[in-house]
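Trainee: The file below is structure-v1.cif, mmCIF, C-alpha atoms:
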data_model
#
loop_
_atom_site.group_PDB
_atom_site.id
_atom_site.type_symbol
_atom_site.label_atom_id
_atom_site.label_comp_id
_atom_site.auth_asym_id
_atom_site.auth_seq_id
_atom_site.Cartn_x
_atom_site.Cartn_y
_atom_site.Cartn_z
ATOM 1 C CA MET A 1 12.301 24.710 -14.137
ATOM 2 C CA ARG A 2 12.695 20.925 -14.491
ATOM 3 C CA ILE A 3 16.405 21.090 -13.801
ATOM 4 C CA GLN A 4 15.814 23.236 -10.746
ATOM 5 C CA LYS A 5 13.339 20.685 -9.390
ATOM 6 C CA LEU A 6 15.684 17.788 -10.122
ATOM 7 C CA THR A 7 18.536 19.570 -8.347
ATOM 8 C CA ILE A 8 16.483 20.412 -5.294
ATOM 9 C CA LEU A 9 15.096 16.881 -4.953
ATOM 10 C CA ALA A 10 18.621 15.472 -5.355
ATOM 11 C CA LEU A 11 19.797 17.836 -2.635
ATOM 12 C CA PHE A 12 17.034 16.645 -0.309
ATOM 13 C CA THR A 13 17.877 13.001 -1.078
ATOM 14 C CA THR A 14 21.490 13.661 -0.136
ATOM 15 C CA LEU A 15 20.370 15.427 3.038
ATOM 16 C CA SER A 16 18.121 12.571 4.146
ATOM 17 C CA LEU A 17 20.807 10.001 3.290
ATOM 18 C CA GLY A 18 23.305 11.988 5.365
ATOM 19 C CA ILE A 19 20.887 12.212 8.294
ATOM 20 C CA TYR A 20 20.214 8.473 7.985
ATOM 21 C CA ALA A 21 23.943 7.683 8.032
ATOM 22 C CA VAL A 22 24.558 9.883 11.090
ATOM 23 C CA GLU A 23 21.634 8.281 12.907
ATOM 24 C CA ALA A 24 22.859 4.782 12.075
ATOM 25 C CA ALA A 25 26.249 5.669 13.565
ATOM 26 C CA LEU A 26 24.733 6.834 16.857
ATOM 27 C CA PRO A 27 24.395 4.221 19.605
ATOM 28 C CA PRO A 28 20.806 2.979 19.987
ATOM 29 C CA LEU A 29 18.659 4.815 22.536
ATOM 30 C CA VAL A 30 17.292 1.632 24.103
ATOM 31 C CA PRO A 31 18.404 -1.938 23.413
ATOM 32 C CA ILE A 32 15.141 -2.897 21.720
ATOM 33 C CA PRO A 33 15.229 -3.612 17.978
ATOM 34 C CA GLY A 34 13.028 -1.272 15.970
ATOM 35 C CA ILE A 35 13.247 1.719 18.291
ATOM 36 C CA LYS A 36 15.046 4.635 16.685
ATOM 37 C CA LEU A 37 14.508 8.339 16.177
ATOM 38 C CA GLY A 38 13.740 8.178 12.469
ATOM 39 C CA LEU A 39 15.354 11.539 11.788
ATOM 40 C CA ALA A 40 15.384 10.962 8.019
ATOM 41 C CA ASN A 41 11.600 11.207 8.176
ATOM 42 C CA ILE A 42 11.981 14.948 8.850
ATOM 43 C CA ILE A 43 12.968 15.388 5.199
ATOM 44 C CA THR A 44 10.106 13.209 3.904
ATOM 45 C CA LEU A 45 7.613 15.138 6.014
ATOM 46 C CA ALA A 46 9.015 18.528 4.981
ATOM 47 C CA LEU A 47 8.824 17.559 1.295
ATOM 48 C CA LEU A 48 5.282 16.246 1.703
ATOM 49 C CA HIS A 49 4.283 19.461 3.429
ATOM 50 C CA ARG A 50 6.070 21.874 1.129
ATOM 51 C CA TYR A 51 5.874 20.191 -2.298
ATOM 52 C CA GLY A 52 3.582 17.171 -2.390
ATOM 53 C CA CYS A 53 3.252 13.419 -2.156
ATOM 54 C CA ARG A 54 4.959 12.648 -5.486
ATOM 55 C CA GLU A 55 8.157 14.502 -4.604
ATOM 56 C CA ALA A 56 8.239 12.979 -1.105
ATOM 57 C CA LEU A 57 7.773 9.490 -2.566
ATOM 58 C CA LEU A 58 10.600 9.967 -5.084
ATOM 59 C CA VAL A 59 13.037 11.146 -2.423
ATOM 60 C CA LEU A 60 11.942 8.418 0.016
ATOM 61 C CA ILE A 61 12.460 5.598 -2.486
ATOM 62 C CA ALA A 62 15.799 7.026 -3.635
ATOM 63 C CA ARG A 63 16.945 7.294 -0.015
ATOM 64 C CA ILE A 64 15.856 3.737 0.876
ATOM 65 C CA LEU A 65 17.535 2.214 -2.201
ATOM 66 C CA LEU A 66 20.751 4.165 -1.633
ATOM 67 C CA SER A 67 20.902 3.443 2.109
ATOM 68 C CA THR A 68 20.333 -0.288 1.516
ATOM 69 C CA LEU A 69 23.053 -0.257 -1.123
ATOM 70 C CA LEU A 70 25.486 1.555 1.151
ATOM 71 C CA PHE A 71 24.801 0.253 4.666
ATOM 72 C CA GLY A 72 22.271 -2.555 4.612
ATOM 73 C CA GLN A 73 21.579 -5.956 3.185
ATOM 74 C CA ALA A 74 18.781 -7.394 1.071
ATOM 75 C CA MET A 75 16.536 -8.106 4.062
ATOM 76 C CA SER A 76 16.632 -4.550 5.384
ATOM 77 C CA LEU A 77 15.290 -3.290 2.028
ATOM 78 C CA LEU A 78 12.031 -5.120 2.722
ATOM 79 C CA TYR A 79 11.713 -3.610 6.212
ATOM 80 C CA SER A 80 12.630 -0.113 5.067
ATOM 81 C CA LEU A 81 10.259 -0.160 2.088
ATOM 82 C CA ALA A 82 7.328 -1.519 4.110
ATOM 83 C CA GLY A 83 7.899 0.993 6.908
ATOM 84 C CA GLY A 84 8.660 3.962 4.670
ATOM 85 C CA LEU A 85 5.754 3.492 2.254
ATOM 86 C CA CYS A 86 3.177 2.883 5.007
ATOM 87 C CA CYS A 87 4.538 5.914 6.860
ATOM 88 C CA LEU A 88 4.260 8.157 3.780
ATOM 89 C CA LEU A 89 0.744 6.916 2.975
ATOM 90 C CA MET A 90 -0.412 7.568 6.546
ATOM 91 C CA MET A 91 1.261 11.002 6.651
ATOM 92 C CA PHE A 92 -0.329 11.922 3.300
ATOM 93 C CA LEU A 93 -3.824 10.970 4.525
ATOM 94 C CA VAL A 94 -3.419 12.703 7.885
ATOM 95 C CA SER A 95 -1.950 15.887 6.387
ATOM 96 C CA GLN A 96 -4.882 16.022 3.941
ATOM 97 C CA LEU A 97 -7.367 15.632 6.781
ATOM 98 C CA LEU A 98 -5.611 18.248 8.914
ATOM 99 C CA GLN A 99 -5.115 20.597 5.935
ATOM 100 C CA ASN A 100 -1.349 20.697 6.539
ATOM 101 C CA LYS A 101 -1.759 22.045 10.076
ATOM 102 C CA LEU A 102 -0.325 20.639 13.320
ATOM 103 C CA ILE A 103 2.525 18.853 11.619
ATOM 104 C CA PHE A 104 3.514 16.913 14.758
ATOM 105 C CA ILE A 105 0.236 14.945 14.683
ATOM 106 C CA THR A 106 1.014 13.938 11.088
ATOM 107 C CA SER A 107 4.483 12.891 12.176
ATOM 108 C CA ILE A 108 3.230 10.812 15.138
ATOM 109 C CA MET A 109 0.691 8.980 12.964
ATOM 110 C CA GLY A 110 3.401 8.362 10.363
ATOM 111 C CA ALA A 111 5.765 6.952 12.972
ATOM 112 C CA LEU A 112 3.004 4.661 14.253
ATOM 113 C CA ALA A 113 2.275 3.378 10.738
ATOM 114 C CA HIS A 114 6.013 2.847 10.140
ATOM 115 C CA ASN A 115 6.529 0.825 13.308
ATOM 116 C CA MET A 116 3.377 -1.256 12.946
ATOM 117 C CA ALA A 117 4.240 -2.100 9.316
ATOM 118 C CA GLN A 118 7.746 -3.169 10.310
ATOM 119 C CA LEU A 119 6.400 -5.256 13.194
ATOM 120 C CA LEU A 120 4.023 -7.048 10.820
ATOM 121 C CA VAL A 121 6.864 -7.713 8.355
ATOM 122 C CA ALA A 122 8.991 -9.016 11.244
ATOM 123 C CA PHE A 123 6.131 -11.288 12.286
ATOM 124 C CA ALA A 124 5.671 -12.515 8.700
ATOM 125 C CA ILE A 125 9.373 -13.313 8.337
ATOM 126 C CA THR A 126 10.196 -14.806 11.740
ATOM 127 C CA GLN A 127 6.711 -16.367 12.253
ATOM 128 C CA VAL A 128 7.277 -16.267 16.001
ATOM 129 C CA ALA A 129 4.310 -14.834 17.881
ATOM 130 C CA GLY A 130 6.761 -13.673 20.555
ATOM 131 C CA VAL A 131 7.898 -10.712 18.442
ATOM 132 C CA LEU A 132 4.437 -9.169 18.913
ATOM 133 C CA VAL A 133 5.483 -8.470 22.524
ATOM 134 C CA TYR A 134 7.405 -5.541 21.021
ATOM 135 C CA CYS A 135 4.096 -3.894 20.082
ATOM 136 C CA PRO A 136 3.517 -1.680 23.185
ATOM 137 C CA PHE A 137 7.182 -0.581 23.222
ATOM 138 C CA LEU A 138 6.970 0.336 19.541
ATOM 139 C CA ILE A 139 3.706 2.271 20.023
ATOM 140 C CA LEU A 140 5.130 4.232 22.955
ATOM 141 C CA SER A 141 8.395 4.958 21.169
ATOM 142 C CA SER A 142 6.647 6.043 17.972
ATOM 143 C CA LEU A 143 4.562 8.544 19.952
ATOM 144 C CA ILE A 144 7.711 10.079 21.459
ATOM 145 C CA THR A 145 9.966 9.970 18.393
ATOM 146 C CA GLY A 146 7.102 11.065 16.131
ATOM 147 C CA LEU A 147 6.528 14.115 18.305
ATOM 148 C CA PHE A 148 10.260 14.886 18.255
ATOM 149 C CA THR A 149 10.698 14.590 14.476
ATOM 150 C CA GLY A 150 7.438 16.480 13.952
ATOM 151 C CA LEU A 151 8.709 19.413 16.010
ATOM 152 C CA CYS A 152 12.061 19.256 14.168
ATOM 153 C CA CYS A 153 10.155 19.453 10.879
ATOM 154 C CA HIS A 154 8.034 22.343 12.161
ATOM 155 C CA PHE A 155 11.169 24.402 12.871
ATOM 156 C CA LEU A 156 12.834 23.268 9.632
ATOM 157 C CA LEU A 157 9.867 24.542 7.592
ATOM 158 C CA LYS A 158 10.010 27.822 9.475
ATOM 159 C CA TYR A 159 13.594 28.452 8.355
ATOM 160 C CA LEU A 160 13.526 26.736 4.955
ATOM 161 C CA PRO A 161 13.486 29.549 2.385
ATOM 162 C CA ALA A 162 10.300 29.715 0.335
ATOM 163 C CA SER A 163 12.405 30.276 -2.770
ATOM 164 C CA ALA A 164 13.475 26.623 -2.538
ATOM 165 C CA ALA A 165 10.148 25.655 -4.149
ATOM 166 C CA PRO A 166 10.718 23.631 -7.306
ATOM 167 C CA MET B 1 -18.645 38.205 13.852
ATOM 168 C CA LYS B 2 -17.009 35.479 11.857
ATOM 169 C CA LYS B 3 -17.020 32.139 13.556
ATOM 170 C CA THR B 4 -13.864 30.063 13.056
ATOM 171 C CA VAL B 5 -14.610 26.516 11.987
ATOM 172 C CA LYS B 6 -12.443 24.043 13.852
ATOM 173 C CA ASN B 7 -11.273 20.978 12.003
ATOM 174 C CA PRO B 8 -12.905 17.993 13.784
ATOM 175 C CA TRP B 9 -10.048 15.732 12.739
ATOM 176 C CA ILE B 10 -7.686 17.513 15.135
ATOM 177 C CA SER B 11 -9.658 16.336 18.185
ATOM 178 C CA ILE B 12 -10.098 12.871 16.682
ATOM 179 C CA PHE B 13 -6.348 12.435 16.204
ATOM 180 C CA ILE B 14 -5.573 13.812 19.673
ATOM 181 C CA ILE B 15 -8.049 11.319 21.195
ATOM 182 C CA VAL B 16 -6.577 8.428 19.167
ATOM 183 C CA ILE B 17 -3.040 9.345 20.254
ATOM 184 C CA SER B 18 -4.065 9.640 23.932
ATOM 185 C CA ILE B 19 -5.812 6.251 23.833
ATOM 186 C CA LEU B 20 -2.757 4.637 22.219
ATOM 187 C CA LEU B 21 -0.516 6.227 24.852
ATOM 188 C CA MET B 22 -2.643 4.810 27.666
ATOM 189 C CA ILE B 23 -2.909 1.361 26.048
ATOM 190 C CA SER B 24 0.845 1.103 25.544
ATOM 191 C CA ILE B 25 1.667 2.204 29.100
ATOM 192 C CA LEU B 26 -0.875 -0.219 30.627
ATOM 193 C CA TRP B 27 0.356 -3.005 28.332
ATOM 194 C CA ILE B 28 3.984 -2.428 29.351
ATOM 195 C CA ALA B 29 2.957 -2.335 33.043
ATOM 196 C CA GLN B 30 1.113 -5.632 32.590
ATOM 197 C CA LEU B 31 4.162 -7.173 30.885
ATOM 198 C CA ALA B 32 6.448 -5.874 33.647
ATOM 199 C CA THR B 33 4.420 -7.608 36.359
ATOM 200 C CA HIS B 34 4.322 -10.745 34.222
ATOM 201 C CA PHE B 35 8.126 -10.737 33.870
ATOM 202 C CA THR B 36 8.875 -10.752 37.581
ATOM 203 C CA GLY B 37 7.584 -14.244 38.375
ATOM 204 C CA THR B 38 10.654 -16.477 38.729
ATOM 205 C CA ASN B 39 9.285 -19.785 39.986
ATOM 206 C CA GLY B 40 9.967 -22.384 37.352
ATOM 207 C CA THR B 41 12.437 -23.255 34.654
ATOM 208 C CA VAL B 42 13.459 -20.606 32.147
ATOM 209 C CA ILE B 43 13.590 -22.169 28.700
ATOM 210 C CA ALA B 44 15.137 -20.544 25.635
ATOM 211 C CA HIS B 45 13.614 -21.339 22.261
ATOM 212 C CA ILE B 46 15.730 -20.402 19.257
ATOM 213 C CA TYR B 47 13.855 -19.894 16.011
ATOM 214 C CA GLN B 48 15.128 -19.045 12.550
ATOM 215 C CA ASN B 49 12.574 -18.018 9.895
ATOM 216 C CA GLY B 50 9.806 -19.639 11.921
ATOM 217 C CA LYS B 51 11.590 -22.971 12.446
ATOM 218 C CA LEU B 52 12.428 -24.077 15.987
ATOM 219 C CA LEU B 53 16.137 -24.903 16.031
ATOM 220 C CA GLU B 54 17.029 -25.354 19.692
ATOM 221 C CA THR B 55 15.355 -25.603 23.077
ATOM 222 C CA ILE B 56 17.641 -24.952 26.025
ATOM 223 C CA PRO B 57 16.514 -25.024 29.670
ATOM 224 C CA LEU B 58 18.734 -22.236 30.982
ATOM 225 C CA SER B 59 18.309 -23.105 34.646
ATOM 226 C CA TRP B 60 20.024 -26.458 34.038
ATOM 227 C CA VAL B 61 23.077 -25.094 32.250
ATOM 228 C CA GLN B 62 26.196 -25.800 34.312
ATOM 229 C CA GLU B 63 28.957 -24.304 32.193
ATOM 230 C CA GLU B 64 29.149 -21.417 29.794
ATOM 231 C CA TYR B 65 29.335 -22.404 26.126
ATOM 232 C CA THR B 66 28.897 -20.829 22.721
ATOM 233 C CA PHE B 67 27.620 -22.142 19.411
ATOM 234 C CA THR B 68 27.116 -20.779 15.907
ATOM 235 C CA ILE B 69 23.916 -20.808 13.905
ATOM 236 C CA THR B 70 24.322 -20.509 10.156
ATOM 237 C CA GLY B 71 21.210 -19.524 8.243
ATOM 238 C CA GLU B 72 20.210 -18.697 4.691
ATOM 239 C CA GLY B 73 22.880 -16.958 2.640
ATOM 240 C CA ASP B 74 25.588 -17.995 5.139
ATOM 241 C CA CYS B 75 24.492 -15.437 7.731
ATOM 242 C CA GLN B 76 25.999 -16.276 11.109
ATOM 243 C CA ASN B 77 24.957 -15.706 14.688
ATOM 244 C CA ILE B 78 27.109 -16.759 17.629
ATOM 245 C CA ILE B 79 24.970 -17.442 20.686
ATOM 246 C CA CYS B 80 26.401 -17.683 24.206
ATOM 247 C CA VAL B 81 24.656 -19.685 26.899
ATOM 248 C CA LYS B 82 25.564 -19.053 30.540
ATOM 249 C CA PRO B 83 24.062 -20.722 33.618
ATOM 250 C CA GLY B 84 20.633 -19.093 33.732
ATOM 251 C CA SER B 85 21.028 -16.620 30.878
ATOM 252 C CA ILE B 86 21.433 -16.387 27.113
ATOM 253 C CA GLY B 87 22.610 -13.725 24.707
ATOM 254 C CA MET B 88 23.897 -13.009 21.232
ATOM 255 C CA LEU B 89 27.678 -12.744 21.254
ATOM 256 C CA GLU B 90 28.293 -11.935 17.598
ATOM 257 C CA ALA B 91 26.246 -11.461 14.465
ATOM 258 C CA ASP B 92 27.068 -10.509 10.904
ATOM 259 C CA CYS B 93 24.050 -8.223 10.543
ATOM 260 C CA PRO B 94 24.729 -4.526 9.924
ATOM 261 C CA ASP B 95 22.924 -2.977 12.911
ATOM 262 C CA GLN B 96 24.187 -5.318 15.684
ATOM 263 C CA LEU B 97 21.031 -4.606 17.700
ATOM 264 C CA CYS B 98 20.707 -8.226 18.812
ATOM 265 C CA VAL B 99 24.237 -8.116 20.268
ATOM 266 C CA LYS B 100 23.479 -4.827 22.051
ATOM 267 C CA GLN B 101 20.404 -6.403 23.659
ATOM 268 C CA GLY B 102 22.821 -8.264 25.924
ATOM 269 C CA PHE B 103 22.028 -11.260 28.107
ATOM 270 C CA TYR B 104 18.526 -12.139 29.266
ATOM 271 C CA ASP B 105 17.707 -14.377 32.230
ATOM 272 C CA ARG B 106 13.914 -14.106 32.314
ATOM 273 C CA PRO B 107 11.084 -14.061 29.769
ATOM 274 C CA THR B 108 11.023 -10.396 28.812
ATOM 275 C CA ILE B 109 11.067 -9.331 25.184
ATOM 276 C CA PRO B 110 12.650 -11.818 22.751
ATOM 277 C CA ILE B 111 16.201 -11.304 21.496
ATOM 278 C CA THR B 112 15.741 -10.610 17.796
ATOM 279 C CA CYS B 113 18.132 -10.452 14.869
ATOM 280 C CA LEU B 114 15.736 -9.361 12.140
ATOM 281 C CA PRO B 115 18.189 -9.301 9.205
ATOM 282 C CA ASN B 116 18.994 -12.985 9.844
ATOM 283 C CA GLY B 117 15.434 -13.935 10.861
ATOM 284 C CA LEU B 118 16.658 -15.240 14.220
ATOM 285 C CA VAL B 119 14.579 -15.008 17.396
ATOM 286 C CA ILE B 120 15.460 -16.233 20.898
ATOM 287 C CA GLU B 121 12.277 -16.433 22.912
ATOM 288 C CA LEU B 122 12.399 -17.133 26.636
ATOM 289 C CA THR B 123 9.527 -18.829 28.395
ATOM 290 C CA LEU B 124 8.900 -19.759 31.991
ATOM 291 C CA GLU B 125 7.607 -23.238 32.617
ATOM 292 C CA LYS B 126 6.420 -24.471 35.975
ATOM 293 C CA ASN B 127 6.947 -28.221 35.800
ATOM 294 C CA VAL B 128 9.507 -29.536 33.373
ATOM 295 C CA SER B 129 10.421 -33.198 33.537
ATOM 296 C CA ASP B 130 13.856 -34.404 32.501
ATOM 297 C CA ASP B 131 12.691 -36.344 29.483
ATOM 298 C CA LYS B 132 10.632 -33.476 28.011
ATOM 299 C CA VAL B 133 13.666 -31.447 27.027
ATOM 300 C CA PRO B 134 16.513 -32.852 24.902
ATOM 301 C CA ASP B 135 19.751 -33.499 26.709
ATOM 302 C CA ILE B 136 21.896 -30.435 26.286
ATOM 303 C CA ILE B 137 25.012 -31.853 27.913
ATOM 304 C CA SER B 138 25.619 -33.922 24.802
ATOM 305 C CA TYR B 139 25.378 -30.866 22.575
#
Show the structure stored in the file as structure tokens.

Mentor:
Amino acid sequence: MRIQKLTILALFTTLSLGIYAVEAALPPLVPIPGIKLGLANIITLALLHRYGCREALLVLIARILLSTLLFGQAMSLLYSLAGGLCCLLMMFLVSQLLQNKLIFITSIMGALAHNMAQLLVAFAITQVAGVLVYCPFLILSSLITGLFTGLCCHFLLKYLPASAAP
Amino acid sequence: MKKTVKNPWISIFIIVISILLMISILWIAQLATHFTGTNGTVIAHIYQNGKLLETIPLSWVQEEYTFTITGEGDCQNIICVKPGSIGMLEADCPDQLCVKQGFYDRPTIPITCLPNGLVIELTLEKNVSDDKVPDIISY
């Protein structure tokens, strides 16, 4: 049973890392830093929904460490960790309140938490009040991308075999 | 007949999301009207990790020139200044988002290279006297 769980979580980590790499290779949607689809969050949300917060956290941290090691630099680790952890915390709270229903609302709230956390880290590092001008663009984009990834996750959970439970 | 109990949090979250949607759209509309005013001198302020490095009045720039800013850990950003506009030409950060932002000629959103902590903020100032801004010709 333990080995099965380990294997499945490793598989999901690989999946989210692959999705992250593909997304990083795509040209940005709009030339504003911070706006991206956040497709790797589909996996985090699916794990949170199907298995629980602990499993989602393990896969999220493994994915962030691996992606920083492979594609990023030391500074992006800070942004990714702040965004990812705030996003997971928010999604955990919202999914508890909604009793795992309406997964796209969970996803939108998670995207909002992710973007706001990254904006605050950006403000703390650059210490230029001007970066806060990004705020409305980030809110609007997180509503749209959160809805998109939430719907992706909804359809993923529909087709993900129940036997994949660890 | 069994009455279905609706989760009140669903309506709360839908209201929160709608309010945020309206706020962000109004905020962007307000910024858009703010950006269109062009009377005055456009000044570029270049910051790295909160420290002001350069102040360049873009309206006074006669000839195109480039310069390199080297920050902590030897990270490099090559900035290009053209008459009236500024942009990031090259950067050694992995995502290259600052380069893709292109050239800006008015105070919209700042050009930001987060991995290198570099921000180019443009402001519009009505009355700028010659002695207020350092001489950029000598740069």

Trainee: Running the PyMOL selection byres ((chain B) within 10 of (chain A)) on this model by hand, what would come out? Give it as a PyMOL selection string.

Mentor: chain B and resi 7-10+13-14+16-18+20-29+31+46-52+93-102+108-123

Trainee: Write the selection just made, keeping C-alpha atoms, as a compact mmCIF listing (two decimals), keeping the file's coordinate frame?

Mentor:
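Once written, selection.txt looks like this:
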# COMPACT_ATOMS: atom_id res chain seq x y z
CA ASN B 7 -11.27 20.98 12.00
CA PRO B 8 -12.90 17.99 13.78
CA TRP B 9 -10.05 15.73 12.74
CA ILE B 10 -7.69 17.51 15.14
CA PHE B 13 -6.35 12.44 16.20
CA ILE B 14 -5.57 13.81 19.67
CA VAL B 16 -6.58 8.43 19.17
CA ILE B 17 -3.04 9.35 20.25
CA SER B 18 -4.07 9.64 23.93
CA LEU B 20 -2.76 4.64 22.22
CA LEU B 21 -0.52 6.23 24.85
CA MET B 22 -2.64 4.81 27.67
CA ILE B 23 -2.91 1.36 26.05
CA SER B 24 0.84 1.10 25.54
CA ILE B 25 1.67 2.20 29.10
CA LEU B 26 -0.88 -0.22 30.63
CA TRP B 27 0.36 -3.00 28.33
CA ILE B 28 3.98 -2.43 29.35
CA ALA B 29 2.96 -2.34 33.04
CA LEU B 31 4.16 -7.17 30.88
CA ILE B 46 15.73 -20.40 19.26
CA TYR B 47 13.86 -19.89 16.01
CA GLN B 48 15.13 -19.05 12.55
CA ASN B 49 12.57 -18.02 9.90
CA GLY B 50 9.81 -19.64 11.92
CA LYS B 51 11.59 -22.97 12.45
CA LEU B 52 12.43 -24.08 15.99
CA CYS B 93 24.05 -8.22 10.54
CA PRO B 94 24.73 -4.53 9.92
CA ASP B 95 22.92 -2.98 12.91
CA GLN B 96 24.19 -5.32 15.68
CA LEU B 97 21.03 -4.61 17.70
CA CYS B 98 20.71 -8.23 18.81
CA VAL B 99 24.24 -8.12 20.27
CA LYS B 100 23.48 -4.83 22.05
CA GLN B 101 20.40 -6.40 23.66
CA GLY B 102 22.82 -8.26 25.92
CA THR B 108 11.02 -10.40 28.81
CA ILE B 109 11.07 -9.33 25.18
CA PRO B 110 12.65 -11.82 22.75
CA ILE B 111 16.20 -11.30 21.50
CA THR B 112 15.74 -10.61 17.80
CA CYS B 113 18.13 -10.45 14.87
CA LEU B 114 15.74 -9.36 12.14
CA PRO B 115 18.19 -9.30 9.20
CA ASN B 116 18.99 -12.98 9.84
CA GLY B 117 15.43 -13.94 10.86
CA LEU B 118 16.66 -15.24 14.22
CA VAL B 119 14.58 -15.01 17.40
CA ILE B 120 15.46 -16.23 20.90
CA GLU B 121 12.28 -16.43 22.91
CA LEU B 122 12.40 -17.13 26.64
CA THR B 123 9.53 -18.83 28.40

Trainee: Taking the file as I've supplied it (selection: the PyMOL selection byres ((chain A and resi 60-69) around 9)), which residues are included? Please answer as a list in words.

Mentor: Thr13, Thr14, Ser16, Leu17, Tyr20, Ala21, Ala40, Asn41, Ile43, Thr44, Glu55, Ala56, Leu57, Leu58, Val59, Leu70, Phe71, Gly72, Gln73, Ala74, Ser76, Leu77, Ser80, Leu81, Gly84, Leu85 and Leu88 of chain A

Trainee: Please evaluate the PyMOL selection byres ((chain A and resi 87) around 7) against the displayed coordinates and give the resulting residues as an MDAnalysis selection string.

Mentor: chainID A and resid 83:86 88:91 110:111 113:114

Trainee: Provide the atom CA of Gln4 of chain A to atom CA of Cys153 of chain A distance in Å, to one decimal place.

Mentor: 22.7 Å

Trainee: Would you pick out the contacts of segment 61-68 of chain B at 9 Å or less, using only C-alpha atoms, so that residues sharing its chain but fewer than 3 positions from it are not included, and give the list as number ranges by chain?

Mentor: B: 56-58, 76-85, 89, 136-137

Trainee: What is the distance, in Å and to one decimal place, between atom CA of Lys5 of chain A and atom CA of Cys53 of chain A?

Mentor: 14.4 Å

Trainee: Edge lengths and centre in Å to one decimal, as JSON, is what I'm after for the box along x, y and z that holds all listed atoms of segment 101-108 of chain B once 8 Å is added on each side.

Mentor:
{"center_x": 16.9, "center_y": -10.4, "center_z": 28.0, "size_x": 27.8, "size_y": 24.0, "size_z": 24.7}

Trainee: One number please: atom CA of Ile103 of chain A to atom CA of His154 of chain A, in Å, one decimal.

Mentor: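 Separation between atom CA of Ile103 of chain A and atom CA of His154 of chain A: 6.5 Å.
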